[in-house]
Number of protein chains: 6
Amino acid sequence: MSRNTSGWGVVEIPVVSVKNGSGPTILFTGGVHGDEYEGQIAVSRLSRGLDPAKVQGRVIMIPALNIPAVMNDTRLSPVDNRDMNRCFPGNPRGTFSEMLAHFVDAVLLPLVDVSVDLHTAGHSGDSALSTNMHYVADAKLRERTMAAAAAFGAPYNVVFWGVDEGATLTSSVERRGILSLGTELGGWGRVNVEGVRIADRALTNILRHFGLMEGQPDTSQRDGSPGTRHMMVRDAAGYSFAPAGGLFEPRNVVGDLCRAGDLAGYLHFVEDIDRAPLDVRYRRDGVLWMSAGPGRVQRGDAVAVLMEDYDALRAAA
Amino acid sequence: MSRNTSGWGVVEIPVVSVKNGSGPTILFTGGVHGDEYEGQIAVSRLSRGLDPAKVQGRVIMIPALNIPAVMNDTRLSPVDNRDMNRCFPGNPRGTFSEMLAHFVDAVLLPLVDVSVDLHTAGHSGDSALSTNMHYVADAKLRERTMAAAAAFGAPYNVVFWGVDEGATLTSSVERRGILSLGTELGGWGRVNVEGVRIADRALTNILRHFGLMEGQPDTSQRDGSPGTRHMMVRDAAGYSFAPAGGLFEPRNVVGDLCRAGDLAGYLHFVEDIDRAPLDVRYRRDGVLWMSAGPGRVQRGDAVAVLMEDYDALRAAA
Amino acid sequence: MSRNTSGWGVVEIPVVSVKNGSGPTILFTGGVHGDEYEGQIAVSRLSRGLDPAKVQGRVIMIPALNIPAVMNDTRLSPVDNRDMNRCFPGNPRGTFSEMLAHFVDAVLLPLVDVSVDLHTAGHSGDSALSTNMHYVADAKLRERTMAAAAAFGAPYNVVFWGVDEGATLTSSVERRGILSLGTELGGWGRVNVEGVRIADRALTNILRHFGLMEGQPDTSQRDGSPGTRHMMVRDAAGYSFAPAGGLFEPRNVVGDLCRAGDLAGYLHFVEDIDRAPLDVRYRRDGVLWMSAGPGRVQRGDAVAVLMEDYDALRAAA
Amino acid sequence: MSRNTSGWGVVEIPVVSVKNGSGPTILFTGGVHGDEYEGQIAVSRLSRGLDPAKVQGRVIMIPALNIPAVMNDTRLSPVDNRDMNRCFPGNPRGTFSEMLAHFVDAVLLPLVDVSVDLHTAGHSGDSALSTNMHYVADAKLRERTMAAAAAFGAPYNVVFWGVDEGATLTSSVERRGILSLGTELGGWGRVNVEGVRIADRALTNILRHFGLMEGQPDTSQRDGSPGTRHMMVRDAAGYSFAPAGGLFEPRNVVGDLCRAGDLAGYLHFVEDIDRAPLDVRYRRDGVLWMSAGPGRVQRGDAVAVLMEDYDALRAAA
Amino acid sequence: MSRNTSGWGVVEIPVVSVKNGSGPTILFTGGVHGDEYEGQIAVSRLSRGLDPAKVQGRVIMIPALNIPAVMNDTRLSPVDNRDMNRCFPGNPRGTFSEMLAHFVDAVLLPLVDVSVDLHTAGHSGDSALSTNMHYVADAKLRERTMAAAAAFGAPYNVVFWGVDEGATLTSSVERRGILSLGTELGGWGRVNVEGVRIADRALTNILRHFGLMEGQPDTSQRDGSPGTRHMMVRDAAGYSFAPAGGLFEPRNVVGDLCRAGDLAGYLHFVEDIDRAPLDVRYRRDGVLWMSAGPGRVQRGDAVAVLMEDYDALRAAA
Amino acid sequence: MSRNTSGWGVVEIPVVSVKNGSGPTILFTGGVHGDEYEGQIAVSRLSRGLDPAKVQGRVIMIPALNIPAVMNDTRLSPVDNRDMNRCFPGNPRGTFSEMLAHFVDAVLLPLVDVSVDLHTAGHSGDSALSTNMHYVADAKLRERTMAAAAAFGAPYNVVFWGVDEGATLTSSVERRGILSLGTELGGWGRVNVEGVRIADRALTNILRHFGLMEGQPDTSQRDGSPGTRHMMVRDAAGYSFAPAGGLFEPRNVVGDLCRAGDLAGYLHFVEDIDRAPLDVRYRRDGVLWMSAGPGRVQRGDAVAVLMEDYDALRAAA
């Protein structure tokens, strides 16, 4: 990558691969978005502390995949102003983010059996601590992914019904038939202390679940519930959007139970005391998965995403 | 203020003044920093809903004082890249932030008996919901300020011992002998739902406390405690700073009880897998008042501020 | 579209479609360039006021197609720094401007019989109020387009002989055999009062001409001329360019009759009093269609474009 | 002035001084704002062509006073983001604009008898071609200034009643008791062809009026009126401001006669088809002196300034 | 190319072609990177002074190929933030740098027999004055290229073994089987006086070597050596990289003989007096070809590149 | 200092003070300009390695005084876009650079007997390795300063006759009657290997010269000359400036002997092949002290500064 003051340098992205004995290959990635920290911390810690002697298989750990964005502390890459997670499968002659996506898709993924890509809501909002996955057509792969999510041990696992833009890392993983798990482990641009605790435990849980390490996953929940709660985001009615630019005041935090028609919040116009705030409402019942981010929003920004219970939905379908 | 496309325009800052009967003048300000939302919301709501017939005295409400920063959603003003709260007493021929500070200091403050300036931690971190004040030399004014803080009704009130840079709004207010109360009602760049609830209630509480409205302040606390807990930040030992640039992982959230020597968190270098994280520790016992902000920090950024019980400290002194 | 503070939002582009009875589909677009206002105003006004009961056919109205550029008040999109009108036919996996162009080309155009895309000279200069079109190879389509231009009723209609970069909206429209009309209704970055009047009238004129509304087009001209004057821009000799960077002083305004060899203006070097201004001259006779924009120009900027009478040129050919 | 790549350079500002025989000193300045071109052109042309043998007195000509802004083609200086015409009397240790203002105030003005500072509306709007002046307290100086304005020969001369921010070049000139004349000779970011013609003629007119050159001023007007029409801007009611951010559609051009209560224009919200445009109205009768600039405005931008007849106002007073 | 203030302009890139009699076509290019000056100067001087009567063949001279970067004084283009020399073979519908690369590849190169593209180290470092070339597979072309390099007459000629990213101008030239020579004639962002002398002489030398001009190349060396010394960069072990971000203090200048294990320099952390500098060492013996650039480096920046003697290496292979 | 993401942080500037026994206080400062590296390296190295037991007196060492500029690698501070060395004596309520200057002037300087402030030409050009000083009025102080410069041991010492802007660190030092020595130890944005060698040796030399360390200064010169050569820059005729913006090709490097009327270099217009280069000439005889920086210059940039022999000048005076 050329900068104005460096034409001959290289961008070093730390990749730690631990291999021992036989077993599957698991890829842990953090930092696809630079301002999502919990995965960077957990993958970095594992990569410094994992004892190869205790591994059966291969663990590829990339704590800070999109290193220009990580060092810049932003969702988008400062090099090309692109969202790396909208650049897959990438392009070896494209911009830097496209080249990086291509490297992952064409070089790394062919080696991989299971991909766990750790995200948070970044500066876009907060998230209930959760894994997420698509409702993939292959029922067996879907069951295996739900089992992996349960082993991961976050409070929630969110299944998306058919939402895939085709340009995410997940879409590249799925096109290759690899088991794919994502996460949302915090947001608001801060490091979520509980999100890091879940992530640290989860990486070991996943290695145990797939037999790369000995032992059983620890999936106990702080609220005493028996384990991960499987949820679903069915369609666009789960989302509430800002109807205009302004200052959004939410009325709930993630994990709250919300009802259709309830106030999601108010959109204020503090610069114009004569303009009344607008009501923003929920469009269905559900548990708040993603909350609002910075107070000041633009028209069309998502300010709430609701999730519903998976089993109830599946039973009703 | 001149822009490149507007030489003859004006910057309109909404100021709502409600006056009825006789009584003191109270100034409520929000938006001194553009990314601190709870005060903007509460002052805006009060200014749209306050019934003049029920007021005895004058209430001056400015929901979005630093309007260029408010509309830009940043702490600093986009006009001159200055922190307005480091520009007091201002300068009528200076930059825009200096002119604005001068207007507050020279035009508004002479009218005012009580100033309540609503802040949060913005994007710098999170804060335990609190009012704050200086340990002013005048014992009577100090007692009156503590009583006002108790009437405000936040979970905590933080007294600073002698920390004043002399360029804050607070310093201008104090130079004029006016009762001055500040707040920290959230942070992490989000709108704190509980912070807004406290702020909404508090503005009415203050009007009641000073006799501008009828009724008693409601200062009940969610945790059942009897009222606001008075705390103190004595000196620099309450602060922990990032010892280098990196990714800071905190171990506590605001309100946690912390011990001297405990880990405040780790400073990670995820871009350099060979460099061990650094430990950052607390330097005294206390309750966490201000927590870390964005994960990525620069050397010298405050990542934790502890507060101690006021009475215990006062007793020991 | 991802921003650094919004990963899950949507960009909402207002599209108003009015359909009633049977009849052709007409597409009115404004805001392909964000700083071209007359079309945004006229299409917005029509979309708010058009009575479906009075329409036979379908009218698709998009007042602000390139909404990021419109809200940013610039020709180029702030998202990817691209000129949307150089991005056709677009790319569903490209940058935002390319995705938007793809949406127009692949989703909207297949529905459309007539496209009227309203432009001005933006900040690049001023324009004589005019429609414009290509000298398309299909004589029947060319005649129909000239008739539509006459019904539009601007003072001038400019026919380009074979100038098409292949990446404009017009080129996409023409590739599909759809009747395509463009406009230049002002410039200098201001809202041209007369340009808005022409545009408001023209949209109704077009609906009448194609039978979607009752009544006859009103094509009367303020100067008493019988109707739209058909003109032509033949080739590069109609253009005068700045020969260097400097401050350009034009000698004519749009609509002026100019002669080959006459002074188009002077290029001044006010920073260097010892450097004589350069003469810039017209290279053929004609009426000034596009004038200079901001005084300060870069080498190669077009500072004048002349148009010639269509009939005389056609007779001579 | 230090740049990042030049610590030892100088900023060269062309100053041409022509002195011969005895007579007063006249200062002609252009380019105080970088995007106001007509004065730059006229002063530059005069400074290249003035024959010293034909001068009695001294003519100091500065075509591009604020050279960093001139070369950057902006109102504000790119060096310090300041409006030079809000920096007087300047500061020798301040920012670059402040140093430049100080140089004019402290070095040049003590030499000067008459100051003519040539402005336009820049990118802020368009202006009726005019000189302008303050209603200075000294009646004799006021009469002399009005006579100078009449000799300048623009269509209008606008007298301001008491509007002076104290930080303009004009205010520095007036503090020294020097005769001060300003101009508005165009705008919309373009070079006004007629504005340049007026300016070229006016500089010679002024030299003749004050006896530095032989001959009589030529003050004939294109519309056959006998000479410059003296007008007045009394107070804030002559201004109309944008009540919100949006796209402003004006209904008049400069020179139009307007009535109190008439529509100055509409403020459109093209991004939100459901939000009705706002009416903006004139607040008194008058002739439109300054019109709107770029279509997209911010709240508080001036979109119209009306002027009234000086004699009628004076008679009524 | 569209700018926000110019939609209809053109970018003029000076191309001077001198043709006379019969003979091969030679392309001289400077300014592919805007901050590499020696080639711009030498090609510009030749293009102003070359006498067509003395030429047999065709000389195409482009002093400032990437004109937006040249005028911006940067390696990358300010238009699209791309390194033009990573955009080949280009794309006629891509960004501006891609379009420019396409023009060179598709329009110019088919005319060309020999391409000499003049580079320096720009702001990335300094270079020993040298030509460079790839170890192309075709032995005859390789010999012809080495002979051309010897005729060019720089102190060194560097042969790369198989380093080609496929997106450089060189790669486009080689794909067409054209003789390709590059240069490194200075750096540190300054104009190298000796580098210009070498370049001026070399352009004539090349014309003589290929028979376009009469006379023999002058390849004398200042140090008395018999001619150009052929060197090789074999693989990545010749490079030393910055192991972290910091301030790099080199210990050698270009042309120095260095030994494996010797200190290439220290990486200082002046902001953290407690952090010891890091040693950076050479990884093989060689002559320093490229030295460090600006003191402040990012992790992965090349701070030293060593070259070895071509004949010794070839003999050993 | 507030950032948008840090309101409560501190800026840590490393200051190392070593004190032992009795003796004067010497202040060594580096990094007043962020892109001047040699002083940063030498002061940092000394501050890490100085043995207090071997010191008599006090040594205050600040390797990176203007830390925001140092970390940003620029001459100007990224915080306020100011040149810190034009901000003295500073202002405790001003911008960050002004506050920093105030700290040095008001807090540090009262402690200091000798100030050595290490500079280079940064990116503005290259410099002959030298100390520099003013021709201070006090003859005894002047003699002591020249003796200190001789002990420093650079090849040249340059005495300025009366050039002081009054806003430099030097001016603050001199106002207090403290012995002041500056340096120019390289430039072109690179780390000068020989400049670092001189600086490392010089800091010890100065400590020895003033009796803080034992031993004699080592002032031997690589060219065999007996010691530092005292030079003078008398007035503006020693400077050559760029007469226009363009690409400057110098003909000499620092240390060259130049003659009045000789070519300092050519100013090229590579973007306009028809415009002949301009000659830039020396205006007096002298040795080249400061050479040109980046090839692309703006009008008024210094491209050469000549120095003359001190003794000859003094004798002639």
# chains A, B, ... in the order shown; residues from 1 in each chain; ligands from 1
>>> select_by_dssp(residues="stretch 88-306 of chain F", states="alpha helix (DSSP H)", output="PyMOL selection string")
chain F and resi 96-102+139-152+169-175+193-209
>>> closest_atom_pairs(of="chain E", to="chain D", cutoff="12 Å", atoms="only C-alpha atoms", output="Markdown table")
| residue | atom | partner | partner_atom | distance |
| --- | --- | --- | --- | --- |
| E:Thr5 | CA | D:Gly189 | CA | 10.4 |
| E:Asp73 | CA | D:Thr5 | CA | 11.0 |
| E:Gly189 | CA | D:Thr5 | CA | 10.4 |
| E:Arg190 | CA | D:Thr5 | CA | 11.3 |
>>> write_last_selection(atoms="N, CA and C atoms", output="PDB file, in the first residue's frame")
ATOM      1  N   THR E   5     -16.333  22.479  -8.829  1.00  0.00           N
ATOM      2  CA  THR E   5     -16.526  23.763  -9.491  1.00  0.00           C
ATOM      3  C   THR E   5     -16.257  23.704 -10.984  1.00  0.00           C
ATOM      4  N   ASP E  73       1.976  17.943  -5.691  1.00  0.00           N
ATOM      5  CA  ASP E  73       3.269  17.629  -5.067  1.00  0.00           C
ATOM      6  C   ASP E  73       3.189  16.401  -4.159  1.00  0.00           C
ATOM      7  N   GLY E 189      12.390  13.983  -1.099  1.00  0.00           N
ATOM      8  CA  GLY E 189      11.529  15.095  -1.454  1.00  0.00           C
ATOM      9  C   GLY E 189      12.267  16.296  -1.991  1.00  0.00           C
ATOM     10  N   ARG E 190      13.587  16.193  -2.166  1.00  0.00           N
ATOM     11  CA  ARG E 190      14.331  17.336  -2.714  1.00  0.00           C
ATOM     12  C   ARG E 190      14.685  17.038  -4.172  1.00  0.00           C
TER      13      ARG E 190
END
>>> atom_distance(atom1="atom CA of D:Ile273", atom2="atom CA of C:Pro78")
22.3 Å
>>> residues_around(residues="C:Pro294", least_positions_apart="2", cutoff="9 Å", atoms="only C-alpha atoms", output="CSV table (one decimal) with N, CA and C atoms, in the first residue's frame")
chain,number,residue,atom,x,y,z
C,123,HIS,N,-22.0,25.0,-10.2
C,123,HIS,CA,-21.1,26.0,-9.9
C,123,HIS,C,-20.0,26.1,-11.1
C,124,SER,N,-20.2,25.4,-12.2
C,124,SER,CA,-19.3,25.5,-13.3
C,124,SER,C,-19.4,26.7,-14.1
C,125,GLY,N,-20.6,27.4,-14.1
C,125,GLY,CA,-20.8,28.5,-14.9
C,125,GLY,C,-22.3,28.8,-14.9
C,188,TRP,N,-24.2,29.1,-11.7
C,188,TRP,CA,-23.5,30.0,-10.8
C,188,TRP,C,-23.8,29.7,-9.4
C,247,LEU,N,-7.4,34.1,-12.8
C,247,LEU,CA,-8.7,34.8,-12.5
C,247,LEU,C,-9.2,35.2,-13.9
C,248,PHE,N,-10.4,34.6,-14.3
C,248,PHE,CA,-10.9,34.8,-15.6
C,248,PHE,C,-12.0,35.9,-15.6
C,292,ALA,N,-18.7,31.4,-18.1
C,292,ALA,CA,-17.7,31.1,-17.0
C,292,ALA,C,-18.3,31.0,-15.7
C,296,ARG,N,-11.9,32.3,-10.4
C,296,ARG,CA,-10.6,31.6,-10.3
C,296,ARG,C,-10.8,30.2,-11.0
C,297,VAL,N,-10.0,30.0,-12.1
C,297,VAL,CA,-10.1,28.8,-12.9
C,297,VAL,C,-8.8,28.1,-12.9
D,35,ASP,N,-12.9,35.4,-2.8
D,35,ASP,CA,-13.8,35.1,-3.9
D,35,ASP,C,-14.6,36.2,-4.4
D,37,TYR,N,-14.3,39.1,-7.0
D,37,TYR,CA,-13.3,39.3,-8.1
D,37,TYR,C,-13.3,40.6,-8.8
D,73,ASP,N,-9.4,31.0,-3.4
D,73,ASP,CA,-10.7,31.3,-3.9
D,73,ASP,C,-11.8,31.2,-2.9
D,188,TRP,N,-22.6,35.7,-6.3
D,188,TRP,CA,-22.9,34.4,-6.8
D,188,TRP,C,-21.6,33.7,-7.2
D,189,GLY,N,-20.5,34.2,-6.8
D,189,GLY,CA,-19.2,33.5,-7.1
D,189,GLY,C,-18.8,33.7,-8.5
D,190,ARG,N,-19.5,34.5,-9.3
D,190,ARG,CA,-19.1,34.7,-10.7
D,190,ARG,C,-18.5,36.1,-10.8
D,191,VAL,N,-17.8,36.4,-12.0
D,191,VAL,CA,-17.4,37.7,-12.3
D,191,VAL,C,-18.5,38.4,-13.0
E,5,THR,N,-16.3,22.5,-8.8
E,5,THR,CA,-16.5,23.8,-9.5
E,5,THR,C,-16.3,23.7,-11.0
>>> residues_around(residues="B:Val253", least_positions_apart="3", cutoff="12 Å", atoms="only C-alpha atoms", output="PDB file with N, CA and C atoms, in the first residue's frame")
ATOM      1  N   ARG A 190     -17.509   1.819  23.148  1.00  0.00           N
ATOM      2  CA  ARG A 190     -16.728   1.514  24.356  1.00  0.00           C
ATOM      3  C   ARG A 190     -16.368   0.028  24.345  1.00  0.00           C
ATOM      4  N   VAL A 191     -15.448  -0.354  25.241  1.00  0.00           N
ATOM      5  CA  VAL A 191     -15.160  -1.766  25.458  1.00  0.00           C
ATOM      6  C   VAL A 191     -16.141  -2.265  26.519  1.00  0.00           C
ATOM      7  N   ASN A 192     -16.969  -3.219  26.148  1.00  0.00           N
ATOM      8  CA  ASN A 192     -17.969  -3.779  27.044  1.00  0.00           C
ATOM      9  C   ASN A 192     -17.308  -4.836  27.940  1.00  0.00           C
ATOM     10  N   VAL A 193     -17.262  -4.562  29.231  1.00  0.00           N
ATOM     11  CA  VAL A 193     -16.533  -5.452  30.153  1.00  0.00           C
ATOM     12  C   VAL A 193     -17.127  -6.857  30.134  1.00  0.00           C
ATOM     13  N   GLU A 194     -18.430  -6.928  30.132  1.00  0.00           N
ATOM     14  CA  GLU A 194     -19.072  -8.237  30.094  1.00  0.00           C
ATOM     15  C   GLU A 194     -18.913  -8.881  28.711  1.00  0.00           C
TER      16      GLU A 194
ATOM     17  N   GLY B 125     -15.822   8.927  27.818  1.00  0.00           N
ATOM     18  CA  GLY B 125     -16.013   7.824  28.750  1.00  0.00           C
ATOM     19  C   GLY B 125     -17.457   7.781  29.196  1.00  0.00           C
ATOM     20  N   ASP B 126     -17.702   7.062  30.263  1.00  0.00           N
ATOM     21  CA  ASP B 126     -19.023   7.045  30.864  1.00  0.00           C
ATOM     22  C   ASP B 126     -18.883   7.671  32.246  1.00  0.00           C
ATOM     23  N   SER B 127     -20.005   8.134  32.794  1.00  0.00           N
ATOM     24  CA  SER B 127     -19.951   8.701  34.141  1.00  0.00           C
ATOM     25  C   SER B 127     -21.044   8.089  34.997  1.00  0.00           C
ATOM     26  N   ALA B 128     -20.744   7.904  36.282  1.00  0.00           N
ATOM     27  CA  ALA B 128     -21.805   7.635  37.238  1.00  0.00           C
ATOM     28  C   ALA B 128     -22.696   8.877  37.244  1.00  0.00           C
ATOM     29  N   TRP B 188     -20.180   7.869  26.707  1.00  0.00           N
ATOM     30  CA  TRP B 188     -19.986   6.884  25.629  1.00  0.00           C
ATOM     31  C   TRP B 188     -20.670   7.329  24.352  1.00  0.00           C
ATOM     32  N   GLU B 249      -8.584  -2.017  27.733  1.00  0.00           N
ATOM     33  CA  GLU B 249      -9.670  -2.904  28.186  1.00  0.00           C
ATOM     34  C   GLU B 249      -9.923  -2.640  29.665  1.00  0.00           C
ATOM     35  N   PRO B 250     -11.041  -1.983  29.996  1.00  0.00           N
ATOM     36  CA  PRO B 250     -11.315  -1.712  31.417  1.00  0.00           C
ATOM     37  C   PRO B 250     -11.836  -2.972  32.101  1.00  0.00           C
ATOM     38  N   ASP B 256     -18.804   0.901  40.353  1.00  0.00           N
ATOM     39  CA  ASP B 256     -18.082  -0.203  41.003  1.00  0.00           C
ATOM     40  C   ASP B 256     -17.187   0.338  42.121  1.00  0.00           C
ATOM     41  N   LEU B 257     -17.066  -0.459  43.164  1.00  0.00           N
ATOM     42  CA  LEU B 257     -16.128  -0.143  44.231  1.00  0.00           C
ATOM     43  C   LEU B 257     -14.773  -0.718  43.850  1.00  0.00           C
ATOM     44  N   CYS B 258     -13.755   0.101  43.897  1.00  0.00           N
ATOM     45  CA  CYS B 258     -12.432  -0.310  43.436  1.00  0.00           C
ATOM     46  C   CYS B 258     -11.422  -0.104  44.556  1.00  0.00           C
ATOM     47  N   ALA B 264      -7.130  -1.560  36.923  1.00  0.00           N
ATOM     48  CA  ALA B 264      -8.139  -0.737  36.247  1.00  0.00           C
ATOM     49  C   ALA B 264      -8.400  -1.311  34.860  1.00  0.00           C
ATOM     50  N   GLY B 265      -7.377  -1.950  34.296  1.00  0.00           N
ATOM     51  CA  GLY B 265      -7.535  -2.564  32.987  1.00  0.00           C
ATOM     52  C   GLY B 265      -6.188  -2.876  32.359  1.00  0.00           C
ATOM     53  N   VAL B 287     -14.997   4.743  44.489  1.00  0.00           N
ATOM     54  CA  VAL B 287     -16.076   4.306  43.602  1.00  0.00           C
ATOM     55  C   VAL B 287     -15.777   4.883  42.218  1.00  0.00           C
ATOM     56  N   LEU B 288     -15.939   4.044  41.186  1.00  0.00           N
ATOM     57  CA  LEU B 288     -15.589   4.505  39.845  1.00  0.00           C
ATOM     58  C   LEU B 288     -16.604   5.545  39.370  1.00  0.00           C
ATOM     59  N   TRP B 289     -16.105   6.762  39.177  1.00  0.00           N
ATOM     60  CA  TRP B 289     -16.969   7.861  38.753  1.00  0.00           C
ATOM     61  C   TRP B 289     -16.979   7.990  37.233  1.00  0.00           C
ATOM     62  N   MET B 290     -15.784   8.031  36.643  1.00  0.00           N
ATOM     63  CA  MET B 290     -15.655   8.166  35.195  1.00  0.00           C
ATOM     64  C   MET B 290     -14.916   6.943  34.672  1.00  0.00           C
ATOM     65  N   SER B 291     -15.486   6.288  33.690  1.00  0.00           N
ATOM     66  CA  SER B 291     -14.832   5.115  33.114  1.00  0.00           C
ATOM     67  C   SER B 291     -14.212   5.475  31.779  1.00  0.00           C
ATOM     68  N   ALA B 292     -13.556   4.500  31.199  1.00  0.00           N
ATOM     69  CA  ALA B 292     -12.881   4.704  29.917  1.00  0.00           C
ATOM     70  C   ALA B 292     -13.892   4.940  28.810  1.00  0.00           C
ATOM     71  N   GLY B 293     -13.439   5.631  27.767  1.00  0.00           N
ATOM     72  CA  GLY B 293     -14.262   5.906  26.604  1.00  0.00           C
ATOM     73  C   GLY B 293     -13.928   4.938  25.482  1.00  0.00           C
ATOM     74  N   VAL B 303      -8.403   7.092  31.939  1.00  0.00           N
ATOM     75  CA  VAL B 303      -9.204   5.888  31.711  1.00  0.00           C
ATOM     76  C   VAL B 303     -10.013   5.498  32.941  1.00  0.00           C
ATOM     77  N   ALA B 304      -9.804   6.177  34.058  1.00  0.00           N
ATOM     78  CA  ALA B 304     -10.605   5.919  35.256  1.00  0.00           C
ATOM     79  C   ALA B 304     -10.434   7.098  36.209  1.00  0.00           C
ATOM     80  N   VAL B 305     -11.566   7.502  36.820  1.00  0.00           N
ATOM     81  CA  VAL B 305     -11.515   8.507  37.879  1.00  0.00           C
ATOM     82  C   VAL B 305     -12.329   7.968  39.057  1.00  0.00           C
ATOM     83  N   LEU B 306     -11.704   7.938  40.214  1.00  0.00           N
ATOM     84  CA  LEU B 306     -12.361   7.413  41.408  1.00  0.00           C
ATOM     85  C   LEU B 306     -12.824   8.561  42.305  1.00  0.00           C
TER      86      LEU B 306
END
>>> select_by_dssp(residues="stretch 13-138 of chain C", states="strand (DSSP E or B)", output="mmCIF file with C-alpha atoms, in the first residue's frame")
data_model
loop_
_atom_site.group_PDB
_atom_site.id
_atom_site.type_symbol
_atom_site.label_atom_id
_atom_site.label_comp_id
_atom_site.auth_asym_id
_atom_site.auth_seq_id
_atom_site.Cartn_x
_atom_site.Cartn_y
_atom_site.Cartn_z
ATOM 1 C CA VAL C 16 -43.060 9.555 -5.894
ATOM 2 C CA SER C 17 -44.953 7.557 -8.485
ATOM 3 C CA VAL C 18 -48.395 8.655 -9.641
ATOM 4 C CA LYS C 19 -50.291 6.235 -11.856
ATOM 5 C CA ASN C 20 -53.765 6.389 -13.229
ATOM 6 C CA THR C 25 -44.409 6.334 -18.144
ATOM 7 C CA ILE C 26 -42.435 9.529 -17.740
ATOM 8 C CA LEU C 27 -39.446 9.858 -15.410
ATOM 9 C CA PHE C 28 -38.550 13.298 -14.001
ATOM 10 C CA THR C 29 -35.227 13.436 -12.158
ATOM 11 C CA GLY C 57 -50.310 7.059 -17.404
ATOM 12 C CA ARG C 58 -47.521 7.008 -14.862
ATOM 13 C CA VAL C 59 -45.291 9.830 -13.610
ATOM 14 C CA ILE C 60 -42.208 8.824 -11.616
ATOM 15 C CA MET C 61 -40.753 11.835 -9.815
ATOM 16 C CA ILE C 62 -37.382 11.865 -8.030
ATOM 17 C CA VAL C 114 -39.640 9.223 -21.607
ATOM 18 C CA SER C 115 -36.839 10.516 -19.360
ATOM 19 C CA VAL C 116 -36.439 14.183 -18.494
ATOM 20 C CA ASP C 117 -33.326 14.771 -16.387
ATOM 21 C CA SER C 127 -26.307 28.494 -18.896
ATOM 22 C CA SER C 130 -32.357 25.321 -22.451
ATOM 23 C CA THR C 131 -33.134 21.698 -23.013
ATOM 24 C CA ASN C 132 -30.551 19.499 -24.652
ATOM 25 C CA MET C 133 -30.385 16.194 -26.480
ATOM 26 C CA HIS C 134 -28.083 14.148 -28.676
#
>>> atom_distance(atom1="atom CA of A:Asn252", atom2="atom CA of A:Gly295")
13.6 Å
>>> decode(residues="stretch 7-17 of chain E", atoms="C-alpha atoms", output="tab-separated table (two decimals), in the first residue's frame")
chain	number	residue	atom	x	y	z
E	7	GLY	CA	-18.11	19.91	-14.71
E	8	TRP	CA	-17.11	20.66	-18.30
E	9	GLY	CA	-13.37	21.18	-18.10
E	10	VAL	CA	-10.54	19.06	-19.41
E	11	VAL	CA	-7.24	17.98	-17.84
E	12	GLU	CA	-4.42	18.94	-20.16
E	13	ILE	CA	-1.32	16.76	-19.97
E	14	PRO	CA	1.59	18.05	-22.03
E	15	VAL	CA	2.81	15.46	-24.52
E	16	VAL	CA	5.57	16.44	-26.93
E	17	SER	CA	6.26	14.15	-29.83
